[in-house]
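The next block holds one structure in the form of structure tokens; read it before the comments.
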Amino acid sequence: MKNVGEAPQEELATGERSTRNRVARSILDHGPSTVADLAKRLGLTQAAVRRHLDALVADEVVAPREQRVYGARTRGRPAKVFALTDCGRDAFDQSYDKLAVDALRWIERSAGGGAAGEEAVVAFARARIEAQSESYREAVEAAPPEERTEALAKALTADGYAATARSAPLPGRGEQLCQHHCPVAHAAEQFPQLCEAETEFFSRLLGTHVQRLATIAHGDGVCTTFIPHSAPSQTTESASTSTAGRNPA
């Protein structure tokens, strides 16, 4: 992986480059972050974080945006957050995206295109997630019910999704599964069937209706899935929904 925000060797000391990479990596692992968030996580001053962010913005590795708020808004202007751009994500192991897109287009064409081609891509997407599912099932089934979302997040992280679990903004309503990185984000942007199959799988695995709130493939900084507490078990495709357009993850 190339160093993000890398300047010519003579212009950027090794320590500076390393810290800049840590800032970018922290955004990858934790999602869009404020200056204060980054300073706390990395043990840096806010002034130092801003300096590195300025360089990363100039290199088009990160971009500032208004913080997205789910649920009721509090008073005052939302804090500015910094999120990885497509260029920034490309620096973190998405070199096979073109191959994946070409393969999916071949599957679509080979099935005859149109509705038949789309169904062929859906079948591939479901087979793909099923092929990855065993470690996820083992992790979730070994955890107590109240820790299953966290267990799934850890299993996803082991596969490169930098996932975390947290309480939803409205207390008692449920949890949010956040995937801060998607190794197939560019392919999913063009073939949302990959995302839809993943959402269906989460629903079956956790035995509950789930709802996608935001997706990296749809232009959001994080893939966010809402998992309600004490919801009726659902095992069909209709068990999962998305409010993030046709591109859920």
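We label chains A, B, ... in the order they appear in the structure tokens, count residues from 1 in each chain, and number ligands from 1 in the order shown.
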
Checklist entry - Counting only C-alpha atoms, what is within 9 Å of segment 38-46 of chain A, bar same-chain residues fewer than 5 positions away, as an MDAnalysis selection string? => result chainID A and resid 19 22:23 26:27 33 51

Write a file of the selected residues as a PDB file, in the first residue's frame, keeping C-alpha atoms.
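Here's the written file result24.pdb:
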```
ATOM      1  CA  THR A  19       1.742  10.497  11.523  1.00  0.00           C
ATOM      2  CA  ARG A  22      -2.003   7.339  11.172  1.00  0.00           C
ATOM      3  CA  VAL A  23      -4.512  10.163  10.767  1.00  0.00           C
ATOM      4  CA  SER A  26      -7.827   6.391  12.045  1.00  0.00           C
ATOM      5  CA  ILE A  27     -10.488   7.853   9.744  1.00  0.00           C
ATOM      6  CA  SER A  33     -14.081  12.125  12.419  1.00  0.00           C
ATOM      7  CA  ARG A  51      -1.989  20.578  10.001  1.00  0.00           C
TER       8      ARG A  51
END
```

Item to check | Near-Glu118 of chain A list (10 Å; only C-alpha atoms; drop same-chain fewer than 6 positions) as number ranges by chain | outcome: A: 104-105, 107-109, 111-112, 124, 191, 193

Next on the checklist: Would you pick out the contacts of His186 of chain A at 7 Å or less, using only C-alpha atoms, so that residues sharing its chain but fewer than 4 positions from it are not included, and give the list as a PyMOL selection string?
Outcome noted: chain A and resi 97+190+217

Next on the checklist: I'd like the contact shell of segment 157-169 of chain A - 10 Å cut-off, only C-alpha atoms, skipping same-chain residues fewer than 5 positions apart - returned as a ChimeraX atom specification.
Outcome noted: /A:28-31,69-72,93,132,135-136,147-152,174-184,222-228

Next on the checklist: Just list as a ChimeraX atom specification whatever in segment 38-223 of chain A DSSP marks as helix (DSSP H, G or I).
Outcome noted: /A:38-42,46-58,86-90,97-110,114-131,133-141,145-158,185-190,193-206

Next on the checklist: Given only C-alpha atoms as the basis, pick out the residue of A:Asp90, A:Leu206, A:Lys98, A:Ala120 nearest to Glu138 of chain A.
Outcome noted: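 Looking only at the distances to Glu138 of chain A, the closest residue turns out to be A:Leu206.
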
Using DSSP on the backbone coordinates, identify all residues within segment 150-222 of chain A classified as strand (DSSP E or B); present the result as a CSV table (one decimal) with N, CA, C and O atoms, in the first residue's frame.
```csv
chain,number,residue,atom,x,y,z
A,163,ALA,N,-15.2,-2.7,11.2
A,163,ALA,CA,-16.5,-2.5,11.7
A,163,ALA,C,-16.6,-2.3,13.2
A,163,ALA,O,-15.7,-2.8,14.0
A,164,THR,N,-17.6,-1.6,13.6
A,164,THR,CA,-17.8,-1.3,15.1
A,164,THR,C,-19.3,-1.4,15.3
A,164,THR,O,-20.1,-1.3,14.4
A,165,ALA,N,-19.7,-1.7,16.6
A,165,ALA,CA,-21.1,-1.7,17.0
A,165,ALA,C,-21.2,-0.6,18.1
A,165,ALA,O,-20.4,-0.5,19.0
A,166,ARG,N,-22.4,0.0,18.1
A,166,ARG,CA,-22.7,1.1,19.1
A,166,ARG,C,-24.2,1.2,19.2
A,166,ARG,O,-24.9,0.7,18.4
A,167,SER,N,-24.6,1.8,20.3
A,167,SER,CA,-26.0,2.0,20.6
A,167,SER,C,-26.5,3.0,19.6
A,167,SER,O,-25.8,4.0,19.2
A,174,GLY,N,-32.2,0.2,19.7
A,174,GLY,CA,-31.4,-0.8,19.0
A,174,GLY,C,-29.9,-0.4,18.9
A,174,GLY,O,-29.4,0.4,19.7
A,175,GLU,N,-29.2,-1.0,18.0
A,175,GLU,CA,-27.8,-0.8,17.8
A,175,GLU,C,-27.5,-0.4,16.3
A,175,GLU,O,-28.3,-0.7,15.5
A,176,GLN,N,-26.4,0.2,16.1
A,176,GLN,CA,-25.9,0.4,14.8
A,176,GLN,C,-24.6,-0.3,14.5
A,176,GLN,O,-23.7,-0.3,15.3
A,177,LEU,N,-24.6,-1.1,13.4
A,177,LEU,CA,-23.4,-1.8,13.0
A,177,LEU,C,-22.8,-0.9,11.9
A,177,LEU,O,-23.4,-0.6,10.9
A,178,CYS,N,-21.6,-0.4,12.2
A,178,CYS,CA,-20.9,0.6,11.3
A,178,CYS,C,-19.7,-0.1,10.6
A,178,CYS,O,-18.8,-0.6,11.3
A,179,GLN,N,-19.7,-0.1,9.3
A,179,GLN,CA,-18.5,-0.6,8.5
A,179,GLN,C,-17.8,0.6,8.0
A,179,GLN,O,-18.3,1.3,7.0
A,210,VAL,N,-33.4,-5.8,9.6
A,210,VAL,CA,-32.4,-4.7,9.8
A,210,VAL,C,-32.6,-3.7,8.7
A,210,VAL,O,-33.3,-3.9,7.7
A,211,GLN,N,-32.1,-2.5,8.9
A,211,GLN,CA,-32.3,-1.4,8.0
A,211,GLN,C,-31.0,-0.6,7.7
A,211,GLN,O,-30.3,-0.2,8.7
A,212,ARG,N,-30.7,-0.5,6.5
A,212,ARG,CA,-29.5,0.2,6.1
A,212,ARG,C,-29.8,1.7,6.1
A,212,ARG,O,-30.7,2.2,5.4
A,213,LEU,N,-29.0,2.5,6.8
A,213,LEU,CA,-29.2,3.9,6.9
A,213,LEU,C,-28.3,4.7,6.0
A,213,LEU,O,-28.6,5.8,5.6
A,214,ALA,N,-27.1,4.2,5.8
A,214,ALA,CA,-26.1,4.9,4.9
A,214,ALA,C,-25.1,3.8,4.4
A,214,ALA,O,-24.9,2.8,5.0
```

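The spacing separating atom CA of Ile216 of chain A from atom CA of Asp54 of chain A amounts to 22.7 Å.
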
Item to check | Pro64 of chain A environment, 7 Å, only C-alpha atoms, sequence neighbours closer than 3 positions dropped, as a ChimeraX atom specification | outcome: /A:80-83

Emit the selected residues as an mmCIF file, in the first residue's frame, including C-alpha atoms.
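Produced file out37.cif, reproduced below:
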```cif
data_model
loop_
_atom_site.group_PDB
_atom_site.id
_atom_site.type_symbol
_atom_site.label_atom_id
_atom_site.label_comp_id
_atom_site.auth_asym_id
_atom_site.auth_seq_id
_atom_site.Cartn_x
_atom_site.Cartn_y
_atom_site.Cartn_z
ATOM 1 C CA LYS A 80 -17.262 19.436 10.653
ATOM 2 C CA VAL A 81 -15.955 15.932 10.077
ATOM 3 C CA PHE A 82 -13.266 14.608 7.759
ATOM 4 C CA ALA A 83 -13.918 11.529 5.629
#
```
